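Raw contents of model-v8.csv, CSV, C-alpha atoms and all ligand atoms:
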chain,number,residue,atom,x,y,z
A,1101,MET,CA,-21.0,-27.8,29.6
A,1102,ALA,CA,-18.3,-26.1,31.7
A,1103,ALA,CA,-16.4,-23.2,30.1
A,1104,SER,CA,-12.9,-24.2,29.0
A,1105,THR,CA,-9.8,-23.2,30.9
A,1106,VAL,CA,-7.7,-20.3,29.5
A,1107,SER,CA,-4.3,-19.0,30.2
A,1108,VAL,CA,-3.4,-15.3,29.6
A,1109,LEU,CA,0.2,-14.1,29.5
A,1110,GLY,CA,0.6,-10.3,29.8
A,1111,LEU,CA,-1.6,-8.0,31.9
A,1112,GLY,CA,-0.9,-4.6,30.4
A,1113,GLU,CA,-3.9,-2.5,29.5
A,1114,MET,CA,-5.0,-4.9,26.7
A,1115,GLY,CA,-4.0,-8.2,28.3
A,1116,ALA,CA,-5.9,-7.3,31.5
A,1117,ALA,CA,-9.0,-6.5,29.4
A,1118,LEU,CA,-8.7,-9.8,27.6
A,1119,ALA,CA,-8.3,-11.8,30.9
A,1120,SER,CA,-11.2,-9.8,32.3
A,1121,ALA,CA,-13.5,-10.8,29.5
A,1122,PHE,CA,-12.6,-14.5,30.0
A,1123,VAL,CA,-13.3,-14.2,33.8
A,1124,SER,CA,-16.6,-12.4,33.2
A,1125,ASN,CA,-17.7,-15.3,30.9
A,1126,SER,CA,-16.9,-17.9,33.6
A,1127,HIS,CA,-13.8,-19.3,31.9
A,1128,PRO,CA,-11.4,-20.6,34.6
A,1129,THR,CA,-8.5,-18.2,33.8
A,1130,THR,CA,-4.9,-18.4,34.9
A,1131,VAL,CA,-2.8,-15.3,34.4
A,1132,TRP,CA,0.9,-14.3,34.4
A,1133,ASN,CA,2.5,-10.9,34.2
A,1134,ARG,CA,6.1,-9.9,34.6
A,1135,THR,CA,5.0,-7.2,37.1
A,1136,VAL,CA,2.9,-9.3,39.5
A,1137,SER,CA,0.9,-6.4,41.0
A,1138,LYS,CA,-1.0,-5.9,37.8
A,1139,ALA,CA,-2.9,-9.2,38.6
A,1140,THR,CA,-4.4,-8.0,41.8
A,1141,ASP,CA,-7.8,-7.0,40.5
A,1142,LEU,CA,-8.2,-10.0,38.3
A,1143,VAL,CA,-7.3,-12.4,41.2
A,1144,GLN,CA,-9.9,-10.7,43.4
A,1145,ARG,CA,-12.4,-11.5,40.6
A,1146,GLY,CA,-11.4,-15.2,40.5
A,1147,ALA,CA,-8.4,-15.4,38.2
A,1148,ILE,CA,-5.5,-17.6,39.4
A,1149,LEU,CA,-2.0,-16.1,39.4
A,1150,ALA,CA,0.8,-18.2,38.1
A,1151,SER,CA,4.4,-17.6,39.1
A,1152,SER,CA,6.0,-18.3,35.7
A,1153,PRO,CA,4.9,-18.4,32.1
A,1154,ALA,CA,5.3,-22.2,32.1
A,1155,GLU,CA,3.1,-22.6,35.1
A,1156,CYS,CA,0.5,-20.3,33.6
A,1157,ILE,CA,0.4,-22.3,30.3
A,1158,ARG,CA,0.2,-25.7,32.1
A,1159,ALA,CA,-3.1,-24.6,33.7
A,1160,SER,CA,-4.9,-24.4,30.4
A,1161,SER,CA,-6.3,-27.5,28.7
A,1162,GLU,CA,-6.0,-25.9,25.3
A,1163,LEU,CA,-6.1,-22.1,24.8
A,1164,VAL,CA,-3.1,-19.9,25.7
A,1165,VAL,CA,-3.3,-16.2,24.9
A,1166,VAL,CA,-0.3,-13.9,24.8
A,1167,CYS,CA,-0.5,-10.1,24.6
A,1168,LEU,CA,2.8,-8.3,25.4
A,1169,VAL,CA,4.3,-5.1,24.3
A,1170,ASN,CA,6.1,-6.4,21.2
A,1171,HIS,CA,7.6,-9.4,19.4
A,1172,ASP,CA,10.9,-9.4,21.4
A,1173,ALA,CA,9.0,-9.6,24.7
A,1174,VAL,CA,7.0,-12.5,23.4
A,1175,LYS,CA,10.2,-14.4,22.3
A,1176,GLU,CA,11.8,-13.6,25.7
A,1177,THR,CA,8.7,-14.9,27.5
A,1178,LEU,CA,7.9,-18.0,25.5
A,1179,LEU,CA,11.1,-19.4,24.0
A,1180,SER,CA,12.7,-21.1,27.0
A,1181,GLU,CA,12.8,-24.9,27.2
A,1182,ALA,CA,10.4,-25.1,30.1
A,1183,THR,CA,7.8,-22.8,28.4
A,1184,LEU,CA,8.0,-24.6,25.1
A,1185,ALA,CA,7.5,-27.9,26.8
A,1186,ALA,CA,4.4,-26.6,28.6
A,1187,LEU,CA,3.0,-25.3,25.3
A,1188,GLU,CA,3.3,-28.7,23.6
A,1189,GLY,CA,-0.1,-29.8,22.2
A,1190,LYS,CA,-1.8,-26.4,23.0
A,1191,THR,CA,-3.1,-23.7,20.9
A,1192,LEU,CA,-1.2,-20.4,21.2
A,1193,VAL,CA,-3.0,-17.2,20.2
A,1194,ASN,CA,-0.6,-14.3,19.9
A,1195,LEU,CA,-2.4,-11.0,20.1
A,1196,THR,CA,0.8,-8.9,20.3
A,1197,ASN,CA,1.2,-6.1,17.7
A,1198,GLY,CA,3.8,-7.2,15.1
A,1199,THR,CA,4.7,-7.5,11.4
A,1200,PRO,CA,3.6,-10.4,9.2
A,1201,ALA,CA,7.2,-11.6,9.1
A,1202,GLN,CA,7.2,-11.7,12.9
A,1203,ALA,CA,4.0,-13.7,12.9
A,1204,ARG,CA,5.5,-16.2,10.5
A,1205,GLU,CA,8.7,-16.4,12.6
A,1206,MET,CA,6.7,-17.2,15.8
A,1207,ALA,CA,4.6,-19.8,14.0
A,1208,SER,CA,7.6,-21.6,12.7
A,1209,LEU,CA,9.5,-21.4,16.0
A,1210,VAL,CA,6.7,-23.0,18.0
A,1211,ALA,CA,5.6,-25.5,15.2
A,1212,ALA,CA,8.7,-27.6,16.1
A,1213,HIS,CA,7.1,-28.1,19.5
A,1214,ARG,CA,3.7,-29.3,18.3
A,1215,VAL,CA,2.1,-26.0,19.1
A,1216,GLU,CA,-1.0,-24.9,17.1
A,1217,TYR,CA,-0.4,-21.2,16.3
A,1218,ILE,CA,-2.9,-18.4,15.7
A,1219,HIS,CA,-1.9,-14.9,15.1
A,1220,GLY,CA,-4.3,-12.1,15.8
A,1221,GLY,CA,-4.7,-8.4,15.3
A,1222,ILE,CA,-6.9,-6.6,17.8
A,1223,MET,CA,-9.1,-3.9,16.3
A,1224,ALA,CA,-10.2,-2.3,19.6
A,1225,VAL,CA,-9.1,-0.3,22.6
A,1226,PRO,CA,-9.2,-2.1,26.0
A,1227,SER,CA,-12.6,-0.7,27.0
A,1228,MET,CA,-14.2,-2.2,23.9
A,1229,ILE,CA,-13.0,-5.8,24.6
A,1230,GLY,CA,-15.9,-8.1,25.4
A,1231,THR,CA,-18.4,-5.8,23.5
A,1232,PRO,CA,-19.6,-6.1,19.9
A,1233,ALA,CA,-17.7,-2.9,19.0
A,1234,ALA,CA,-14.4,-4.9,19.2
A,1235,PHE,CA,-13.3,-7.2,16.4
A,1236,ILE,CA,-10.2,-9.3,16.2
A,1237,LEU,CA,-8.5,-10.6,13.0
A,1238,TYR,CA,-7.1,-14.1,13.2
A,1239,SER,CA,-4.9,-16.1,10.8
A,1240,SER,CA,-4.1,-19.8,11.2
A,1241,SER,CA,-5.3,-23.1,9.6
A,1242,SER,CA,-9.1,-23.5,9.7
A,1243,SER,CA,-9.0,-26.6,11.8
A,1244,THR,CA,-6.9,-24.9,14.5
A,1245,PHE,CA,-9.1,-21.9,14.6
A,1246,GLU,CA,-12.4,-23.9,14.7
A,1247,SER,CA,-11.4,-25.6,17.9
A,1248,VAL,CA,-11.0,-22.3,19.9
A,1249,GLU,CA,-13.4,-20.0,17.9
A,1250,SER,CA,-16.2,-20.0,20.4
A,1251,THR,CA,-13.9,-19.2,23.4
A,1252,LEU,CA,-12.3,-16.4,21.5
A,1253,GLY,CA,-15.7,-15.0,20.7
A,1254,VAL,CA,-16.0,-13.7,24.3
A,1255,LEU,CA,-13.3,-11.1,23.4
A,1256,GLY,CA,-15.2,-9.4,20.5
A,1257,ARG,CA,-16.4,-10.2,17.0
A,1258,VAL,CA,-14.3,-12.9,15.4
A,1259,ASN,CA,-12.9,-12.1,11.9
A,1260,PHE,CA,-11.0,-15.2,10.6
A,1261,VAL,CA,-9.0,-14.1,7.6
A,1262,SER,CA,-8.4,-17.4,5.8
A,1263,GLY,CA,-5.5,-18.1,3.5
A,1264,GLU,CA,-2.2,-20.0,3.8
A,1265,ASP,CA,-0.3,-17.1,5.3
A,1266,VAL,CA,-0.3,-16.8,9.1
A,1267,GLY,CA,1.0,-13.2,8.6
A,1268,ARG,CA,-2.2,-12.1,6.9
A,1269,ALA,CA,-4.1,-11.0,10.1
A,1270,SER,CA,-1.1,-8.9,11.0
A,1271,LEU,CA,-0.8,-7.3,7.5
A,1272,LEU,CA,-4.5,-6.4,7.6
A,1273,ASP,CA,-4.1,-5.1,11.2
A,1274,MET,CA,-1.3,-2.8,9.9
A,1275,ALA,CA,-3.4,-1.7,7.0
A,1276,LEU,CA,-6.3,-0.7,9.3
A,1277,LEU,CA,-4.0,1.0,11.8
A,1278,SER,CA,-2.6,3.0,8.8
A,1279,GLY,CA,-6.1,4.1,7.9
A,1280,MET,CA,-6.7,5.1,11.5
A,1281,TYR,CA,-3.4,7.1,11.8
A,1282,GLY,CA,-4.3,8.9,8.5
A,1283,MET,CA,-7.6,9.9,10.0
A,1284,PHE,CA,-6.1,11.0,13.3
A,1285,SER,CA,-3.2,12.9,11.5
A,1286,GLY,CA,-5.9,14.9,9.7
A,1287,ALA,CA,-8.0,15.4,12.8
A,1288,VAL,CA,-5.2,16.8,15.0
A,1289,HIS,CA,-4.1,19.2,12.3
A,1290,ALA,CA,-7.7,20.3,11.7
A,1291,ILE,CA,-8.4,20.9,15.4
A,1292,ALA,CA,-5.1,22.8,15.8
A,1293,LEU,CA,-6.1,25.1,12.9
A,1294,ALA,CA,-9.6,25.6,14.3
A,1295,LYS,CA,-8.3,26.4,17.7
A,1296,SER,CA,-5.9,29.0,16.3
A,1297,SER,CA,-9.0,30.9,15.2
A,1298,GLY,CA,-10.3,30.9,18.8
A,1299,MET,CA,-12.9,28.2,18.3
A,1300,PRO,CA,-13.0,25.6,21.1
A,1301,GLY,CA,-11.8,22.2,19.8
A,1302,SER,CA,-14.8,20.5,21.3
A,1303,GLU,CA,-17.2,22.6,19.4
A,1304,PHE,CA,-15.3,22.3,16.1
A,1305,ALA,CA,-15.0,18.5,16.5
A,1306,ARG,CA,-18.7,18.0,17.3
A,1307,ASP,CA,-20.3,20.5,14.9
A,1308,LEU,CA,-18.0,20.4,11.9
A,1309,LEU,CA,-15.2,17.8,11.9
A,1310,VAL,CA,-17.1,14.7,12.8
A,1311,PRO,CA,-20.0,15.3,10.3
A,1312,TRP,CA,-17.4,16.2,7.6
A,1313,LEU,CA,-15.3,13.1,8.2
A,1314,SER,CA,-18.4,10.9,8.4
A,1315,ALA,CA,-19.5,12.2,5.0
A,1316,MET,CA,-16.1,11.7,3.5
A,1317,ALA,CA,-15.8,8.2,5.0
A,1318,GLN,CA,-18.6,7.2,2.7
A,1319,SER,CA,-16.3,7.4,-0.3
A,1320,VAL,CA,-13.7,5.1,1.1
A,1321,GLY,CA,-15.6,2.0,-0.3
A,1322,ARG,CA,-15.4,3.6,-3.7
A,1323,LEU,CA,-11.6,4.0,-3.5
A,1324,GLY,CA,-11.3,0.3,-2.8
A,1325,GLN,CA,-13.4,-0.6,-5.8
A,1326,GLU,CA,-11.5,1.7,-8.1
A,1327,ALA,CA,-8.2,0.2,-6.9
A,1328,ASP,CA,-9.5,-3.2,-7.9
A,1329,GLU,CA,-10.7,-2.0,-11.3
A,1330,GLY,CA,-7.7,0.2,-12.1
A,1331,ARG,CA,-10.0,3.1,-13.1
A,1332,TYR,CA,-10.1,6.3,-11.2
A,1333,PRO,CA,-12.9,8.7,-12.1
A,1334,SER,CA,-12.6,12.1,-10.5
A,1335,GLY,CA,-16.2,12.3,-9.3
A,1336,GLY,CA,-16.1,16.1,-9.9
A,1337,SER,CA,-12.9,16.5,-7.7
A,1338,GLY,CA,-10.0,15.8,-10.0
A,1339,LEU,CA,-6.4,15.7,-8.7
A,1340,GLY,CA,-5.6,18.8,-10.8
A,1341,MET,CA,-8.0,20.8,-8.8
A,1342,GLN,CA,-6.8,19.3,-5.5
A,1343,VAL,CA,-3.1,20.0,-6.3
A,1344,ALA,CA,-4.0,23.6,-7.0
A,1345,ALA,CA,-5.8,23.9,-3.6
A,1346,MET,CA,-3.3,22.1,-1.4
A,1347,PRO,CA,-0.8,25.0,-1.2
A,1348,ASN,CA,-3.5,27.1,0.4
A,1349,LEU,CA,-3.8,24.5,3.2
A,1350,VAL,CA,0.0,24.7,3.7
A,1351,ALA,CA,0.0,28.5,3.6
A,1352,ALA,CA,-3.0,28.8,6.0
A,1353,SER,CA,-1.3,26.5,8.5
A,1354,ARG,CA,1.9,28.5,8.4
A,1355,GLU,CA,0.0,31.8,8.9
A,1356,ALA,CA,-1.8,30.2,11.8
A,1357,GLY,CA,1.4,29.0,13.4
A,1358,VAL,CA,0.3,25.3,12.9
A,1359,TRP,CA,2.9,22.8,11.7
A,1360,GLU,CA,2.0,21.9,8.1
A,1361,GLY,CA,4.0,18.7,7.9
A,1362,MET,CA,1.0,16.3,8.0
A,1363,LEU,CA,-0.1,17.6,4.6
A,1364,LEU,CA,3.1,17.3,2.7
A,1365,PRO,CA,3.3,13.5,2.0
A,1366,ILE,CA,-0.2,13.3,0.4
A,1367,MET,CA,0.4,16.6,-1.4
A,1368,GLY,CA,3.7,15.2,-2.9
A,1369,LEU,CA,1.9,12.0,-4.0
A,1370,MET,CA,-0.9,14.0,-5.7
A,1371,GLU,CA,1.7,16.2,-7.5
A,1372,ARG,CA,3.6,13.1,-8.6
A,1373,ARG,CA,0.4,11.6,-10.1
A,1374,VAL,CA,-0.6,14.8,-11.8
A,1375,ALA,CA,2.9,15.1,-13.3
A,1376,ALA,CA,2.4,11.5,-14.6
A,1377,GLY,CA,-0.8,12.5,-16.4
A,1378,GLY,CA,-3.4,12.0,-13.6
A,1379,VAL,CA,-4.8,15.5,-13.7
A,1380,HIS,CA,-8.4,14.3,-14.4
A,1381,GLU,CA,-8.2,11.3,-12.0
A,1382,GLY,CA,-9.7,11.0,-8.5
A,1383,LEU,CA,-8.0,10.2,-5.2
A,1384,GLY,CA,-8.2,6.5,-5.9
A,1385,ALA,CA,-5.3,6.8,-8.4
A,1386,LEU,CA,-3.1,7.4,-5.4
A,1387,VAL,CA,-3.4,3.8,-4.4
A,1388,GLU,CA,-1.7,2.8,-7.6
A,1389,GLU,CA,0.8,5.7,-7.3
A,1390,MET,CA,1.9,4.4,-3.8
A,1391,CYS,CA,3.0,1.2,-5.4
A,1392,ARG,CA,5.0,2.7,-8.3
B,1401,LIG,N1,-3.9,-0.7,24.3
B,1401,LIG,C1,-4.4,-0.5,23.0
B,1401,LIG,O1,-5.2,0.4,22.8
B,1401,LIG,C2,-3.9,-1.4,21.9
B,1401,LIG,C3,-5.1,-1.9,21.1
B,1401,LIG,C4,-4.7,-2.8,19.9
B,1401,LIG,C5,-3.7,-3.8,20.4
B,1401,LIG,N2,-2.6,-3.2,21.1
B,1401,LIG,C6,-1.4,-4.1,21.3
B,1401,LIG,O2,-1.6,-5.0,22.4
B,1401,LIG,C7,-0.3,-5.3,22.9
B,1401,LIG,C8,-0.3,-5.0,24.4
B,1401,LIG,O3,-0.7,-3.7,24.6
B,1401,LIG,P1,-1.0,-3.1,26.0
B,1401,LIG,O4,-2.0,-2.0,25.9
B,1401,LIG,O5,-1.4,-4.2,27.0
B,1401,LIG,O6,0.4,-2.5,26.4
B,1401,LIG,P2,1.0,-2.1,27.9
B,1401,LIG,O7,-0.1,-1.7,28.8
B,1401,LIG,O8,2.1,-1.2,27.6
B,1401,LIG,O9,1.5,-3.5,28.5
B,1401,LIG,C9,2.6,-4.1,27.9
B,1401,LIG,C10,2.7,-5.6,28.5
B,1401,LIG,O10,3.9,-6.2,28.0
B,1401,LIG,C11,4.7,-6.7,29.1
B,1401,LIG,N3,6.1,-6.7,28.8
B,1401,LIG,C12,6.8,-5.6,28.3
B,1401,LIG,N4,8.1,-6.0,28.1
B,1401,LIG,C13,8.2,-7.3,28.5
B,1401,LIG,C14,9.2,-8.3,28.6
B,1401,LIG,N5,10.5,-8.0,28.2
B,1401,LIG,N6,8.9,-9.5,29.1
B,1401,LIG,C15,7.7,-9.8,29.5
B,1401,LIG,N7,6.6,-9.0,29.5
B,1401,LIG,C16,6.9,-7.7,29.0
B,1401,LIG,C17,4.3,-5.7,30.2
B,1401,LIG,O11,4.7,-6.3,31.4
B,1401,LIG,P3,4.9,-5.4,32.7
B,1401,LIG,O12,5.6,-4.1,32.3
B,1401,LIG,O13,3.5,-5.1,33.3
B,1401,LIG,O14,5.7,-6.2,33.6
B,1401,LIG,C18,2.8,-5.6,30.0
B,1401,LIG,O15,2.2,-6.8,30.4
B,1401,LIG,C19,0.7,-4.5,22.2
B,1401,LIG,O16,1.3,-5.3,21.2
B,1401,LIG,C20,-0.1,-3.4,21.6
B,1401,LIG,O17,0.4,-2.8,20.4
B,1401,LIG,C21,-3.0,-2.5,22.3
Could you write out this structure as structure tokens?
Amino acid sequence: MAASTVSVLGLGEMGAALASAFVSNSHPTTVWNRTVSKATDLVQRGAILASSPAECIRASSELVVVCLVNHDAVKETLLSEATLAALEGKTLVNLTNGTPAQAREMASLVAAHRVEYIHGGIMAVPSMIGTPAAFILYSSSSSTFESVESTLGVLGRVNFVSGEDVGRASLLDMALLSGMYGMFSGAVHAIALAKSSGMPGSEFARDLLVPWLSAMAQSVGRLGQEADEGRYPSGGSGLGMQVAAMPNLVAASREAGVWEGMLLPIMGLMERRVAAGGVHEGLGALVEEMCR
């Protein structure tokens, strides 16, 4: 059976990687980008360049993928009369970063034009697209998703997050990005501290930081379970002990000429929990404390 036709709107770093995966998997792919020059490589590899979003959408029998910088750019690109008419009867997969409310807004704006809407959250950087290391969260009705699931599978592992809310993939995307930024906040602070002692960042990261963070990542599953159960055993590292140690991290950073600001929010949260009686609890209690 011939691979289905696909339209991709947006050829930034991510959009180009998505279009490239479709081309590599023999899907006839039509592309559009505001800056036309970004299509050159893809066209050389067999993609067809459309001169407008509507022309691009019309080229696909079903699947239209949009991946632009933000929600406003998507609205600007898709919400003209000609573009909405071209979208009628098609399945629009929006892989643009945005909030759950923005996903719901887009779903309802296009629903009036008989467009099936899927909102996605890409958990990958462009070089991972098309490999098993990438996964993408999707929210929509099950029937809409089933019709395009195998085609979307060429982009990376498919993670359909069922439920009535089309904003759910976006919410989980935000949650995962929050986890990632927490890790990188700690990592850049740690590397700055290590370098202040004269240790090369590469050596510190390879020999000490990565093994340490890998070991600590093992307890993240336990935090999730504790948050579900509402019980927060200290596991030998109670918040009282941690609150006593945190000022040392702050002081050592200042002594080393390294900005201490990354530490202050979590330190404040721990102090608040201890003040509320959580001295013998573990870090899992902070999940509850965040929602108070
Ligand atoms: N790159 C990454 O690592 C992350 C991974 C996770 C998902 N994100 C999200 O993906 C969306 C696109 O990101 P990107 O990496 O492709 O971003 P850029 O390379 O900056 O390309 C931006 C594209 O958006 C087009 N664009 C911007 N403004 C408009 C507009 N007003 N009308 C139409 N198109 C617009 C831009 O066009 P041009 O500048 O080339 O003409 C690019 O195609 C994003 O939501 C990430 O958060 C990526």
* Residues within 10 Å of ligand LIG 1401 (chain B), counting only C-alpha atoms and all ligand atoms, as a ChimeraX atom specification -> /A:1109-1118,1132-1139,1153,1166-1178,1194-1198,1220-1229,1234,1236,1273,1277
* Quick one: distance from atom CA of Asp1141 of chain A to atom CA of Leu1252 of chain A in Å, one decimal? ->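 Those two atoms sit 21.7 Å apart.
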* Determine, counting only C-alpha atoms, which protein, DNA and RNA residues have an atom within 10 Å of an atom of Ser1262 of chain A; residues of the same chain fewer than 3 positions away are not included. Present the result as JSON, numbers by chain. => {"A": [1237, 1238, 1239, 1240, 1241, 1242, 1245, 1259, 1265, 1266, 1268, 1269]}
* To do: For atom CA of Phe1122 of chain A and atom CA of Leu1255 of chain A, quote the distance in Å rounded to one decimal.
  =>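 These atoms are spaced 7.5 Å apart.
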* Distance query segment 1345-1350 of chain A at most 12 Å, all atoms listed in the file, self and fewer than 2 positions along chain excluded, as a ChimeraX atom specification -> /A:1286,1289-1290,1293,1337-1343,1352-1371
* Of the candidates A:Val1164, A:Ala1317, A:Val1310, A:Val1123, which shows the shortest atom-to-atom distance to Gln1144 of chain A, using only C-alpha atoms? ->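 Looking only at the distances to Gln1144 of chain A, the closest residue turns out to be A:Val1123.
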* Proximity to Leu1383 of chain A - best of A:Ala1207, A:Ala1292, A:Ala1327, A:Ala1287, all atoms listed in the file -> A:Ala1327
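Residues in contact range of Glu1155 of chain A, defined as at most 12 Å between only C-alpha atoms, with sequence neighbours fewer than 5 positions away removed, read Ser1107, Val1108, Leu1109, Thr1130, Val1131, Trp1132, Asn1133, Ile1148, Leu1149, Ala1150, Ser1160, Val1164, Leu1178, Ala1182, Thr1183, Leu1184, Ala1185, Ala1186 and Leu1187 of chain A.
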C-alpha atoms of the current selection, written as a compact mmCIF listing (two decimals), in the frame of the given file:
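And here's again.txt as it stands now:
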# COMPACT_ATOMS: atom_id res chain seq x y z
CA SER A 1107 -4.30 -19.00 30.20
CA VAL A 1108 -3.40 -15.30 29.60
CA LEU A 1109 0.20 -14.10 29.50
CA THR A 1130 -4.90 -18.40 34.90
CA VAL A 1131 -2.80 -15.30 34.40
CA TRP A 1132 0.90 -14.30 34.40
CA ASN A 1133 2.50 -10.90 34.20
CA ILE A 1148 -5.50 -17.60 39.40
CA LEU A 1149 -2.00 -16.10 39.40
CA ALA A 1150 0.80 -18.20 38.10
CA SER A 1160 -4.90 -24.40 30.40
CA VAL A 1164 -3.10 -19.90 25.70
CA LEU A 1178 7.90 -18.00 25.50
CA ALA A 1182 10.40 -25.10 30.10
CA THR A 1183 7.80 -22.80 28.40
CA LEU A 1184 8.00 -24.60 25.10
CA ALA A 1185 7.50 -27.90 26.80
CA ALA A 1186 4.40 -26.60 28.60
CA LEU A 1187 3.00 -25.30 25.30
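Taking only C-alpha atoms into account, Thr1140 of chain A lies nearest to A:Ser1120 out of the set A:Pro1200, A:Ser1120, A:Gly1279, A:Arg1331.
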* Out of A:Lys1190, A:Gly1298, A:Gly1230, A:Arg1373, which residue has the shortest atom-to-atom distance to Ala1211 of chain A when counting only C-alpha atoms? ->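 Of all the options, A:Lys1190 lies closest to Ala1211 of chain A.
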* atom CA of Gly1330 of chain A to atom CA of Ala1385 of chain A: how many Å, to one decimal? -> 7.9 Å
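Residue nearest Pro1232 of chain A, chosen from A:Val1320, A:Val1254, A:Val1288, A:Leu1179 and counting only C-alpha atoms: A:Val1254.
Among the candidates A:Asn1125, A:Ser1208, A:Thr1199, A:Ser1296, the residue lying nearest to Leu1271 of chain A is A:Thr1199 (atoms considered: only C-alpha atoms).
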